[in-house]
Amino acid sequence: DTGVSQDPRHKITKRGQNVTFRCDPISEHNRLYWYRQTLGQGPEFLTYFQNEAQLEKSRLLSDRFSAERPKGSFSTLEIQRTEQGDSAMYLCASSLAWSTSFSLSTDTQYFGPGTRLTVL
Amino acid sequence: AQTVTQSQPEMSVQEAETVTLSCTYDTSENNYYLFWYKQPPSRQMILVIRQEAYKQQNATENRFSVNFQKAAKSFSLKISDSQLGDTAMYFCAFLGGDMRFGAGTRLTVKP
């Protein structure tokens, strides 16, 4: 078990550019979450997948944000036309869930190291 | 919507002493989970302890224990025999209809 990994660890981009982040969950985990964490705050839930199905995406910050998990393994989070306000740490977490009920069927979430995005 | 409040932005404690971090939450749900996560400086978030709302017994993990008061919607974390490695941000989190984190408490353990 190598834990949750994220790539890249740091990303600096210019305003208006598109960025994509990757998350590789713990191999046996079927659920994957994305969060945003701004400085001095707790993580803010964005979206999650169970296997390849995106079961919640209403919390994505705008239509510039999208996420995929095409084969139920790794996931990508894309931000189009980045803005300076998108600068933050983007965290991924994974867990093992035994039903599609969000809250009542999941084991503990394990977090990756995060991708720190800086938009100039 | 669920909210999680950590009223202590910063705390400090002397090494080997005991400290308690506070957390309150607001929900209309009856079944949920509560967590304390630790985020050391520049390092990833790790789980400290978890509590299922249906369990009356307070969770314990070695030097870490919680005081879960369901009626009061309170979930405090007690760290006994504090160690320098306990220095970190501590986040209280609620998992019910969605996942919510508090703003965190920065704990410094002083030698």
# chains A, B, ... in the order shown; residues from 1 in each chain; ligands from 1

$ residues_around --residues "Gly102 of chain B" --least-positions-apart "4" --cutoff "10 Å" --atoms "only C-alpha atoms" --output "PDB file with all heavy atoms, in the first residue's frame"
ATOM      1  N   GLN A  41      -7.471  27.553   6.055  1.00  0.00           N
ATOM      2  CA  GLN A  41      -8.823  27.009   6.113  1.00  0.00           C
ATOM      3  C   GLN A  41      -8.799  25.487   6.042  1.00  0.00           C
ATOM      4  O   GLN A  41      -7.809  24.875   5.643  1.00  0.00           O
ATOM      5  CB  GLN A  41      -9.667  27.553   4.962  1.00  0.00           C
ATOM      6  CG  GLN A  41      -9.859  29.052   4.995  1.00  0.00           C
ATOM      7  CD  GLN A  41     -10.622  29.511   6.212  1.00  0.00           C
ATOM      8  OE1 GLN A  41     -11.642  28.940   6.593  1.00  0.00           O
ATOM      9  NE2 GLN A  41     -10.111  30.544   6.874  1.00  0.00           N
ATOM     10  N   GLY A  42      -9.918  24.895   6.408  1.00  0.00           N
ATOM     11  CA  GLY A  42     -10.056  23.462   6.244  1.00  0.00           C
ATOM     12  C   GLY A  42     -10.403  23.117   4.813  1.00  0.00           C
ATOM     13  O   GLY A  42     -10.804  23.983   4.024  1.00  0.00           O
ATOM     14  N   PRO A  43     -10.230  21.858   4.432  1.00  0.00           N
ATOM     15  CA  PRO A  43     -10.576  21.439   3.073  1.00  0.00           C
ATOM     16  C   PRO A  43     -12.049  21.681   2.762  1.00  0.00           C
ATOM     17  O   PRO A  43     -12.913  21.542   3.623  1.00  0.00           O
ATOM     18  CB  PRO A  43     -10.261  19.941   3.088  1.00  0.00           C
ATOM     19  CG  PRO A  43      -9.256  19.769   4.173  1.00  0.00           C
ATOM     20  CD  PRO A  43      -9.631  20.770   5.213  1.00  0.00           C
ATOM     21  N   GLU A  44     -12.297  22.016   1.505  1.00  0.00           N
ATOM     22  CA  GLU A  44     -13.650  22.262   1.014  1.00  0.00           C
ATOM     23  C   GLU A  44     -13.958  21.184  -0.009  1.00  0.00           C
ATOM     24  O   GLU A  44     -13.260  21.047  -1.018  1.00  0.00           O
ATOM     25  CB  GLU A  44     -13.709  23.646   0.387  1.00  0.00           C
ATOM     26  CG  GLU A  44     -15.037  24.022  -0.224  1.00  0.00           C
ATOM     27  CD  GLU A  44     -14.973  25.376  -0.912  1.00  0.00           C
ATOM     28  OE1 GLU A  44     -13.856  25.919  -1.059  1.00  0.00           O
ATOM     29  OE2 GLU A  44     -16.027  25.885  -1.316  1.00  0.00           O
TER      30      GLU A  44
ATOM     31  N   THR B   3     -22.620  22.444   9.485  1.00  0.00           N
ATOM     32  CA  THR B   3     -21.501  23.344   9.758  1.00  0.00           C
ATOM     33  C   THR B   3     -20.647  22.744  10.852  1.00  0.00           C
ATOM     34  O   THR B   3     -21.143  22.032  11.726  1.00  0.00           O
ATOM     35  CB  THR B   3     -21.970  24.733  10.191  1.00  0.00           C
ATOM     36  OG1 THR B   3     -22.774  24.606  11.366  1.00  0.00           O
ATOM     37  CG2 THR B   3     -22.781  25.417   9.110  1.00  0.00           C
ATOM     38  N   VAL B   4     -19.367  23.035  10.797  1.00  0.00           N
ATOM     39  CA  VAL B   4     -18.411  22.566  11.793  1.00  0.00           C
ATOM     40  C   VAL B   4     -17.640  23.778  12.292  1.00  0.00           C
ATOM     41  O   VAL B   4     -17.097  24.531  11.484  1.00  0.00           O
ATOM     42  CB  VAL B   4     -17.440  21.533  11.192  1.00  0.00           C
ATOM     43  CG1 VAL B   4     -16.428  21.090  12.238  1.00  0.00           C
ATOM     44  CG2 VAL B   4     -18.205  20.334  10.640  1.00  0.00           C
ATOM     45  N   THR B   5     -17.617  23.963  13.599  1.00  0.00           N
ATOM     46  CA  THR B   5     -16.987  25.130  14.179  1.00  0.00           C
ATOM     47  C   THR B   5     -15.872  24.729  15.130  1.00  0.00           C
ATOM     48  O   THR B   5     -16.090  23.956  16.068  1.00  0.00           O
ATOM     49  CB  THR B   5     -18.019  25.979  14.941  1.00  0.00           C
ATOM     50  OG1 THR B   5     -19.070  26.361  14.052  1.00  0.00           O
ATOM     51  CG2 THR B   5     -17.367  27.230  15.517  1.00  0.00           C
ATOM     52  N   GLN B   6     -14.704  25.256  14.878  1.00  0.00           N
ATOM     53  CA  GLN B   6     -13.579  25.106  15.799  1.00  0.00           C
ATOM     54  C   GLN B   6     -13.274  26.503  16.327  1.00  0.00           C
ATOM     55  O   GLN B   6     -12.801  27.353  15.581  1.00  0.00           O
ATOM     56  CB  GLN B   6     -12.370  24.493  15.093  1.00  0.00           C
ATOM     57  CG  GLN B   6     -12.608  23.061  14.644  1.00  0.00           C
ATOM     58  CD  GLN B   6     -11.399  22.477  13.949  1.00  0.00           C
ATOM     59  OE1 GLN B   6     -11.433  22.219  12.751  1.00  0.00           O
ATOM     60  NE2 GLN B   6     -10.336  22.248  14.701  1.00  0.00           N
ATOM     61  N   SER B   7     -13.550  26.724  17.581  1.00  0.00           N
ATOM     62  CA  SER B   7     -13.517  28.078  18.134  1.00  0.00           C
ATOM     63  C   SER B   7     -12.137  28.521  18.594  1.00  0.00           C
ATOM     64  O   SER B   7     -11.967  29.675  19.000  1.00  0.00           O
ATOM     65  CB  SER B   7     -14.491  28.172  19.301  1.00  0.00           C
ATOM     66  OG  SER B   7     -14.144  27.232  20.295  1.00  0.00           O
ATOM     67  N   CYS B  23     -14.640  21.270  19.271  1.00  0.00           N
ATOM     68  CA  CYS B  23     -15.328  21.234  17.977  1.00  0.00           C
ATOM     69  C   CYS B  23     -16.815  21.109  18.240  1.00  0.00           C
ATOM     70  O   CYS B  23     -17.245  20.281  19.058  1.00  0.00           O
ATOM     71  CB  CYS B  23     -14.842  20.048  17.142  1.00  0.00           C
ATOM     72  SG  CYS B  23     -15.771  19.782  15.605  1.00  0.00           S
ATOM     73  N   THR B  24     -17.592  21.931  17.598  1.00  0.00           N
ATOM     74  CA  THR B  24     -19.043  21.779  17.622  1.00  0.00           C
ATOM     75  C   THR B  24     -19.536  21.719  16.189  1.00  0.00           C
ATOM     76  O   THR B  24     -18.871  22.194  15.259  1.00  0.00           O
ATOM     77  CB  THR B  24     -19.743  22.937  18.359  1.00  0.00           C
ATOM     78  OG1 THR B  24     -19.395  24.163  17.716  1.00  0.00           O
ATOM     79  CG2 THR B  24     -19.328  22.983  19.815  1.00  0.00           C
ATOM     80  N   TYR B  25     -20.696  21.111  16.017  1.00  0.00           N
ATOM     81  CA  TYR B  25     -21.230  20.953  14.677  1.00  0.00           C
ATOM     82  C   TYR B  25     -22.735  21.113  14.730  1.00  0.00           C
ATOM     83  O   TYR B  25     -23.351  21.042  15.800  1.00  0.00           O
ATOM     84  CB  TYR B  25     -20.829  19.595  14.093  1.00  0.00           C
ATOM     85  CG  TYR B  25     -21.297  18.420  14.926  1.00  0.00           C
ATOM     86  CD1 TYR B  25     -22.497  17.775  14.652  1.00  0.00           C
ATOM     87  CD2 TYR B  25     -20.543  17.974  16.011  1.00  0.00           C
ATOM     88  CE1 TYR B  25     -22.931  16.718  15.429  1.00  0.00           C
ATOM     89  CE2 TYR B  25     -20.972  16.922  16.790  1.00  0.00           C
ATOM     90  CZ  TYR B  25     -22.162  16.303  16.503  1.00  0.00           C
ATOM     91  OH  TYR B  25     -22.597  15.263  17.283  1.00  0.00           O
ATOM     92  N   TRP B  36     -11.224  13.584  13.556  1.00  0.00           N
ATOM     93  CA  TRP B  36     -10.156  14.556  13.761  1.00  0.00           C
ATOM     94  C   TRP B  36      -9.005  14.161  12.839  1.00  0.00           C
ATOM     95  O   TRP B  36      -8.548  13.011  12.859  1.00  0.00           O
ATOM     96  CB  TRP B  36      -9.675  14.578  15.207  1.00  0.00           C
ATOM     97  CG  TRP B  36     -10.560  15.383  16.104  1.00  0.00           C
ATOM     98  CD1 TRP B  36     -11.536  14.915  16.934  1.00  0.00           C
ATOM     99  CD2 TRP B  36     -10.528  16.801  16.288  1.00  0.00           C
ATOM    100  NE1 TRP B  36     -12.131  15.950  17.608  1.00  0.00           N
ATOM    101  CE2 TRP B  36     -11.521  17.117  17.237  1.00  0.00           C
ATOM    102  CE3 TRP B  36      -9.754  17.832  15.751  1.00  0.00           C
ATOM    103  CZ2 TRP B  36     -11.773  18.422  17.660  1.00  0.00           C
ATOM    104  CZ3 TRP B  36      -9.998  19.120  16.169  1.00  0.00           C
ATOM    105  CH2 TRP B  36     -11.002  19.406  17.113  1.00  0.00           C
ATOM    106  N   TYR B  90      -5.002  20.919  13.388  1.00  0.00           N
ATOM    107  CA  TYR B  90      -5.960  19.853  13.647  1.00  0.00           C
ATOM    108  C   TYR B  90      -7.319  20.290  13.121  1.00  0.00           C
ATOM    109  O   TYR B  90      -7.823  21.366  13.451  1.00  0.00           O
ATOM    110  CB  TYR B  90      -6.036  19.547  15.149  1.00  0.00           C
ATOM    111  CG  TYR B  90      -4.833  18.788  15.640  1.00  0.00           C
ATOM    112  CD1 TYR B  90      -3.653  19.464  15.933  1.00  0.00           C
ATOM    113  CD2 TYR B  90      -4.859  17.402  15.762  1.00  0.00           C
ATOM    114  CE1 TYR B  90      -2.529  18.773  16.358  1.00  0.00           C
ATOM    115  CE2 TYR B  90      -3.747  16.699  16.184  1.00  0.00           C
ATOM    116  CZ  TYR B  90      -2.579  17.400  16.476  1.00  0.00           C
ATOM    117  OH  TYR B  90      -1.457  16.711  16.888  1.00  0.00           O
ATOM    118  N   PHE B  91      -7.903  19.420  12.304  1.00  0.00           N
ATOM    119  CA  PHE B  91      -9.191  19.703  11.709  1.00  0.00           C
ATOM    120  C   PHE B  91     -10.229  18.713  12.211  1.00  0.00           C
ATOM    121  O   PHE B  91     -10.011  17.498  12.195  1.00  0.00           O
ATOM    122  CB  PHE B  91      -9.123  19.611  10.181  1.00  0.00           C
ATOM    123  CG  PHE B  91      -8.279  20.666   9.542  1.00  0.00           C
ATOM    124  CD1 PHE B  91      -6.976  20.401   9.164  1.00  0.00           C
ATOM    125  CD2 PHE B  91      -8.789  21.935   9.314  1.00  0.00           C
ATOM    126  CE1 PHE B  91      -6.190  21.370   8.572  1.00  0.00           C
ATOM    127  CE2 PHE B  91      -8.015  22.919   8.721  1.00  0.00           C
ATOM    128  CZ  PHE B  91      -6.711  22.638   8.353  1.00  0.00           C
ATOM    129  N   CYS B  92     -11.354  19.254  12.609  1.00  0.00           N
ATOM    130  CA  CYS B  92     -12.525  18.457  12.941  1.00  0.00           C
ATOM    131  C   CYS B  92     -13.349  18.326  11.666  1.00  0.00           C
ATOM    132  O   CYS B  92     -13.490  19.304  10.912  1.00  0.00           O
ATOM    133  CB  CYS B  92     -13.311  19.171  14.036  1.00  0.00           C
ATOM    134  SG  CYS B  92     -14.841  18.389  14.536  1.00  0.00           S
ATOM    135  N   ALA B  93     -13.887  17.152  11.400  1.00  0.00           N
ATOM    136  CA  ALA B  93     -14.641  16.937  10.172  1.00  0.00           C
ATOM    137  C   ALA B  93     -15.901  16.138  10.445  1.00  0.00           C
ATOM    138  O   ALA B  93     -15.920  15.258  11.311  1.00  0.00           O
ATOM    139  CB  ALA B  93     -13.772  16.218   9.132  1.00  0.00           C
ATOM    140  N   PHE B  94     -16.934  16.454   9.680  1.00  0.00           N
ATOM    141  CA  PHE B  94     -18.243  15.814   9.789  1.00  0.00           C
ATOM    142  C   PHE B  94     -18.569  15.137   8.473  1.00  0.00           C
ATOM    143  O   PHE B  94     -18.461  15.761   7.410  1.00  0.00           O
ATOM    144  CB  PHE B  94     -19.280  16.895  10.100  1.00  0.00           C
ATOM    145  CG  PHE B  94     -20.704  16.448  10.025  1.00  0.00           C
ATOM    146  CD1 PHE B  94     -21.391  16.084  11.170  1.00  0.00           C
ATOM    147  CD2 PHE B  94     -21.383  16.404   8.821  1.00  0.00           C
ATOM    148  CE1 PHE B  94     -22.707  15.678  11.114  1.00  0.00           C
ATOM    149  CE2 PHE B  94     -22.700  15.993   8.743  1.00  0.00           C
ATOM    150  CZ  PHE B  94     -23.359  15.638   9.894  1.00  0.00           C
TER     151      PHE B  94
END

$ closest_atom_pairs --of "chain B" --to "chain A" --cutoff "8 Å" --atoms "only C-alpha atoms" --output "CSV"
residue,atom,partner,partner_atom,distance
B:Asn31,CA,A:Leu104,CA,7.4
B:Tyr32,CA,A:Ser103,CA,6.5
B:Tyr33,CA,A:Ser103,CA,7.6
B:Arg43,CA,A:Pro113,CA,6.6
B:Gln44,CA,A:Pro113,CA,4.6
B:Met45,CA,A:Phe111,CA,5.9
B:Ile46,CA,A:Phe111,CA,6.8
B:Leu47,CA,A:Tyr110,CA,7.4
B:Phe91,CA,A:Gly42,CA,6.7
B:Leu95,CA,A:Ser103,CA,5.9
B:Gly96,CA,A:Ser103,CA,4.9
B:Gly97,CA,A:Ser103,CA,6.0
B:Asp98,CA,A:Ser103,CA,7.0
B:Met99,CA,A:Phe45,CA,6.4
B:Arg100,CA,A:Glu44,CA,7.0
B:Phe101,CA,A:Gly42,CA,5.4
B:Gly102,CA,A:Gly42,CA,5.7
B:Ala103,CA,A:Gly42,CA,4.6
B:Gly104,CA,A:Gly42,CA,6.0

$ residues_around --residues "Thr115 of chain A" --least-positions-apart "5" --cutoff "8 Å" --atoms "only C-alpha atoms" --output "VMD selection string"
chain A and resid 6 to 11 21 89 to 91

$ residues_around --residues "Thr87 of chain B" --least-positions-apart "2" --cutoff "10 Å" --atoms "only C-alpha atoms" --output "PyMOL selection string"
chain B and resi 11-13+38-41+82-85+89-90+106-110

$ write_last_selection --atoms "N, CA and C atoms" --output "short mmCIF file (atom, residue, chain, number, x, y, z; two decimals), in the first residue's frame"
data_model
loop_
_atom_site.label_atom_id
_atom_site.label_comp_id
_atom_site.auth_asym_id
_atom_site.auth_seq_id
_atom_site.Cartn_x
_atom_site.Cartn_y
_atom_site.Cartn_z
N MET B 11 -3.62 27.12 19.74
CA MET B 11 -3.41 26.69 21.11
C MET B 11 -1.96 26.24 21.26
N SER B 12 -1.51 26.28 22.49
CA SER B 12 -0.17 25.76 22.77
C SER B 12 -0.22 24.96 24.07
N VAL B 13 0.73 24.06 24.19
CA VAL B 13 0.78 23.19 25.37
C VAL B 13 2.24 22.81 25.61
N LYS B 38 -5.09 15.46 11.40
CA LYS B 38 -3.89 16.23 11.74
C LYS B 38 -3.16 16.56 10.45
N GLN B 39 -2.75 17.82 10.32
CA GLN B 39 -1.98 18.23 9.14
C GLN B 39 -0.71 18.92 9.61
N PRO B 40 0.41 18.18 9.68
CA PRO B 40 1.67 18.80 10.09
C PRO B 40 2.13 19.82 9.05
N PRO B 41 3.01 20.72 9.42
CA PRO B 41 3.46 21.74 8.46
C PRO B 41 4.02 21.11 7.20
N SER B 82 1.46 15.21 25.62
CA SER B 82 1.76 15.86 24.34
C SER B 82 3.23 15.71 23.96
N GLN B 83 3.47 15.49 22.69
CA GLN B 83 4.83 15.34 22.16
C GLN B 83 5.09 16.41 21.11
N LEU B 84 6.37 16.70 20.91
CA LEU B 84 6.73 17.74 19.94
C LEU B 84 6.16 17.42 18.56
N GLY B 85 6.08 16.15 18.22
CA GLY B 85 5.54 15.75 16.92
C GLY B 85 4.05 15.95 16.78
N MET B 89 -1.69 21.47 12.44
CA MET B 89 -3.08 21.94 12.36
C MET B 89 -3.97 20.72 12.61
N TYR B 90 -5.00 20.92 13.39
CA TYR B 90 -5.96 19.85 13.65
C TYR B 90 -7.32 20.29 13.12
N ARG B 106 -4.54 25.49 15.24
CA ARG B 106 -3.08 25.31 15.15
C ARG B 106 -2.55 25.02 16.54
N LEU B 107 -2.03 23.82 16.72
CA LEU B 107 -1.49 23.41 18.02
C LEU B 107 0.03 23.43 17.98
N THR B 108 0.61 24.07 18.96
CA THR B 108 2.06 24.09 19.12
C THR B 108 2.41 23.43 20.43
N VAL B 109 3.27 22.43 20.38
CA VAL B 109 3.76 21.79 21.59
C VAL B 109 5.14 22.35 21.88
N LYS B 110 5.28 22.92 23.06
CA LYS B 110 6.52 23.59 23.44
C LYS B 110 7.39 22.69 24.30
#

$ atom_distance --atom1 "atom CA of Leu39 of chain A" --atom2 "atom CA of Thr105 of chain B"
13.0 Å

$ residues_around --residues "Thr13 of chain A" --least-positions-apart "2" --cutoff "8 Å" --atoms "only C-alpha atoms" --output "list in words"
Lys11, Arg15, Gln17, Val19, Leu117, Thr118, Val119 and Leu120 of chain A

$ atom_distance --atom1 "atom CA of Glu52 of chain B" --atom2 "atom CA of Leu34 of chain B"
6.5 Å

$ closest_residue --among "A:Arg81, A:Thr76, A:Tyr48, A:Trp98" --to "Ser62 of chain A" --atoms "only C-alpha atoms"
A:Arg81

$ atom_distance --atom1 "atom CA of Arg64 of chain A" --atom2 "atom CA of Lys14 of chain A"
15.3 Å

$ closest_residue --among "B:Pro111, B:Arg63, B:Phe35, B:Thr18" --to "Phe75 of chain B" --atoms "only C-alpha atoms"
B:Phe35

$ select_by_dssp --residues "chain A" --states "strand (DSSP E or B)" --output "count of residues only"
57

$ decode --residues "segment 79-91 of chain A" --atoms "all heavy atoms" --output "PDB file, in the first residue's frame"
ATOM      1  N   ILE A  79      -9.012  22.481 -14.380  1.00  0.00           N
ATOM      2  CA  ILE A  79      -9.517  23.839 -14.222  1.00  0.00           C
ATOM      3  C   ILE A  79      -9.221  24.584 -15.525  1.00  0.00           C
ATOM      4  O   ILE A  79      -8.053  24.692 -15.928  1.00  0.00           O
ATOM      5  CB  ILE A  79      -8.855  24.586 -13.051  1.00  0.00           C
ATOM      6  CG1 ILE A  79      -8.924  23.760 -11.765  1.00  0.00           C
ATOM      7  CG2 ILE A  79      -9.542  25.938 -12.843  1.00  0.00           C
ATOM      8  CD1 ILE A  79      -8.164  24.370 -10.596  1.00  0.00           C
ATOM      9  N   GLN A  80     -10.251  25.060 -16.163  1.00  0.00           N
ATOM     10  CA  GLN A  80     -10.080  25.807 -17.403  1.00  0.00           C
ATOM     11  C   GLN A  80     -10.054  27.306 -17.106  1.00  0.00           C
ATOM     12  O   GLN A  80     -10.653  27.782 -16.139  1.00  0.00           O
ATOM     13  CB  GLN A  80     -11.233  25.484 -18.352  1.00  0.00           C
ATOM     14  CG  GLN A  80     -11.251  24.029 -18.804  1.00  0.00           C
ATOM     15  CD  GLN A  80     -12.372  23.750 -19.800  1.00  0.00           C
ATOM     16  OE1 GLN A  80     -13.437  24.350 -19.738  1.00  0.00           O
ATOM     17  NE2 GLN A  80     -12.120  22.842 -20.722  1.00  0.00           N
ATOM     18  N   ARG A  81      -9.323  28.016 -17.932  1.00  0.00           N
ATOM     19  CA  ARG A  81      -9.275  29.492 -17.847  1.00  0.00           C
ATOM     20  C   ARG A  81      -9.030  29.929 -16.398  1.00  0.00           C
ATOM     21  O   ARG A  81      -9.833  30.650 -15.788  1.00  0.00           O
ATOM     22  CB  ARG A  81     -10.566  30.100 -18.373  1.00  0.00           C
ATOM     23  CG  ARG A  81     -10.924  29.652 -19.790  1.00  0.00           C
ATOM     24  CD  ARG A  81     -12.208  30.275 -20.288  1.00  0.00           C
ATOM     25  NE  ARG A  81     -13.356  30.019 -19.443  1.00  0.00           N
ATOM     26  CZ  ARG A  81     -14.051  28.911 -19.420  1.00  0.00           C
ATOM     27  NH1 ARG A  81     -13.710  27.887 -20.198  1.00  0.00           N
ATOM     28  NH2 ARG A  81     -15.095  28.775 -18.606  1.00  0.00           N
ATOM     29  N   THR A  82      -7.913  29.502 -15.866  1.00  0.00           N
ATOM     30  CA  THR A  82      -7.628  29.736 -14.449  1.00  0.00           C
ATOM     31  C   THR A  82      -7.675  31.213 -14.086  1.00  0.00           C
ATOM     32  O   THR A  82      -7.340  32.099 -14.900  1.00  0.00           O
ATOM     33  CB  THR A  82      -6.257  29.175 -14.058  1.00  0.00           C
ATOM     34  OG1 THR A  82      -5.264  29.689 -14.957  1.00  0.00           O
ATOM     35  CG2 THR A  82      -6.260  27.662 -14.073  1.00  0.00           C
ATOM     36  N   GLU A  83      -8.064  31.458 -12.853  1.00  0.00           N
ATOM     37  CA  GLU A  83      -8.118  32.798 -12.294  1.00  0.00           C
ATOM     38  C   GLU A  83      -7.240  32.824 -11.037  1.00  0.00           C
ATOM     39  O   GLU A  83      -6.967  31.786 -10.440  1.00  0.00           O
ATOM     40  CB  GLU A  83      -9.569  33.151 -11.930  1.00  0.00           C
ATOM     41  CG  GLU A  83     -10.526  33.078 -13.097  1.00  0.00           C
ATOM     42  CD  GLU A  83     -11.991  33.236 -12.681  1.00  0.00           C
ATOM     43  OE1 GLU A  83     -12.261  33.327 -11.456  1.00  0.00           O
ATOM     44  OE2 GLU A  83     -12.853  33.257 -13.585  1.00  0.00           O
ATOM     45  N   GLN A  84      -6.849  34.013 -10.632  1.00  0.00           N
ATOM     46  CA  GLN A  84      -5.980  34.119  -9.463  1.00  0.00           C
ATOM     47  C   GLN A  84      -6.664  33.542  -8.217  1.00  0.00           C
ATOM     48  O   GLN A  84      -6.004  32.982  -7.344  1.00  0.00           O
ATOM     49  CB  GLN A  84      -5.570  35.569  -9.239  1.00  0.00           C
ATOM     50  CG  GLN A  84      -4.557  36.055 -10.277  1.00  0.00           C
ATOM     51  CD  GLN A  84      -4.053  37.458 -10.003  1.00  0.00           C
ATOM     52  OE1 GLN A  84      -4.820  38.302  -9.538  1.00  0.00           O
ATOM     53  NE2 GLN A  84      -2.800  37.705 -10.312  1.00  0.00           N
ATOM     54  N   GLY A  85      -7.953  33.630  -8.156  1.00  0.00           N
ATOM     55  CA  GLY A  85      -8.701  33.072  -7.026  1.00  0.00           C
ATOM     56  C   GLY A  85      -8.693  31.557  -6.962  1.00  0.00           C
ATOM     57  O   GLY A  85      -9.110  30.979  -5.952  1.00  0.00           O
ATOM     58  N   ASP A  86      -8.205  30.927  -8.016  1.00  0.00           N
ATOM     59  CA  ASP A  86      -8.099  29.459  -8.005  1.00  0.00           C
ATOM     60  C   ASP A  86      -6.850  28.988  -7.270  1.00  0.00           C
ATOM     61  O   ASP A  86      -6.700  27.788  -7.020  1.00  0.00           O
ATOM     62  CB  ASP A  86      -8.056  28.917  -9.441  1.00  0.00           C
ATOM     63  CG  ASP A  86      -9.333  29.204 -10.217  1.00  0.00           C
ATOM     64  OD1 ASP A  86     -10.408  29.325  -9.596  1.00  0.00           O
ATOM     65  OD2 ASP A  86      -9.247  29.310 -11.455  1.00  0.00           O
ATOM     66  N   SER A  87      -5.964  29.901  -6.941  1.00  0.00           N
ATOM     67  CA  SER A  87      -4.744  29.539  -6.223  1.00  0.00           C
ATOM     68  C   SER A  87      -5.106  28.895  -4.890  1.00  0.00           C
ATOM     69  O   SER A  87      -5.827  29.496  -4.071  1.00  0.00           O
ATOM     70  CB  SER A  87      -3.875  30.767  -5.988  1.00  0.00           C
ATOM     71  OG  SER A  87      -3.398  31.292  -7.206  1.00  0.00           O
ATOM     72  N   ALA A  88      -4.640  27.697  -4.684  1.00  0.00           N
ATOM     73  CA  ALA A  88      -5.007  26.926  -3.493  1.00  0.00           C
ATOM     74  C   ALA A  88      -4.271  25.598  -3.537  1.00  0.00           C
ATOM     75  O   ALA A  88      -3.582  25.278  -4.503  1.00  0.00           O
ATOM     76  CB  ALA A  88      -6.514  26.668  -3.447  1.00  0.00           C
ATOM     77  N   MET A  89      -4.477  24.810  -2.490  1.00  0.00           N
ATOM     78  CA  MET A  89      -4.028  23.423  -2.474  1.00  0.00           C
ATOM     79  C   MET A  89      -5.215  22.560  -2.873  1.00  0.00           C
ATOM     80  O   MET A  89      -6.315  22.723  -2.334  1.00  0.00           O
ATOM     81  CB  MET A  89      -3.544  23.040  -1.082  1.00  0.00           C
ATOM     82  CG  MET A  89      -3.081  21.597  -0.963  1.00  0.00           C
ATOM     83  SD  MET A  89      -1.464  21.343  -1.684  1.00  0.00           S
ATOM     84  CE  MET A  89      -0.450  21.812  -0.281  1.00  0.00           C
ATOM     85  N   TYR A  90      -4.994  21.662  -3.811  1.00  0.00           N
ATOM     86  CA  TYR A  90      -6.052  20.744  -4.236  1.00  0.00           C
ATOM     87  C   TYR A  90      -5.702  19.357  -3.713  1.00  0.00           C
ATOM     88  O   TYR A  90      -4.666  18.795  -4.037  1.00  0.00           O
ATOM     89  CB  TYR A  90      -6.218  20.770  -5.755  1.00  0.00           C
ATOM     90  CG  TYR A  90      -6.817  22.087  -6.192  1.00  0.00           C
ATOM     91  CD1 TYR A  90      -5.999  23.194  -6.407  1.00  0.00           C
ATOM     92  CD2 TYR A  90      -8.189  22.241  -6.317  1.00  0.00           C
ATOM     93  CE1 TYR A  90      -6.541  24.423  -6.753  1.00  0.00           C
ATOM     94  CE2 TYR A  90      -8.738  23.468  -6.669  1.00  0.00           C
ATOM     95  CZ  TYR A  90      -7.905  24.551  -6.865  1.00  0.00           C
ATOM     96  OH  TYR A  90      -8.448  25.774  -7.184  1.00  0.00           O
ATOM     97  N   LEU A  91      -6.591  18.848  -2.878  1.00  0.00           N
ATOM     98  CA  LEU A  91      -6.359  17.577  -2.198  1.00  0.00           C
ATOM     99  C   LEU A  91      -7.238  16.485  -2.786  1.00  0.00           C
ATOM    100  O   LEU A  91      -8.381  16.720  -3.165  1.00  0.00           O
ATOM    101  CB  LEU A  91      -6.692  17.702  -0.708  1.00  0.00           C
ATOM    102  CG  LEU A  91      -5.883  18.702   0.098  1.00  0.00           C
ATOM    103  CD1 LEU A  91      -6.457  18.813   1.515  1.00  0.00           C
ATOM    104  CD2 LEU A  91      -4.426  18.297   0.165  1.00  0.00           C
TER     105      LEU A  91
END
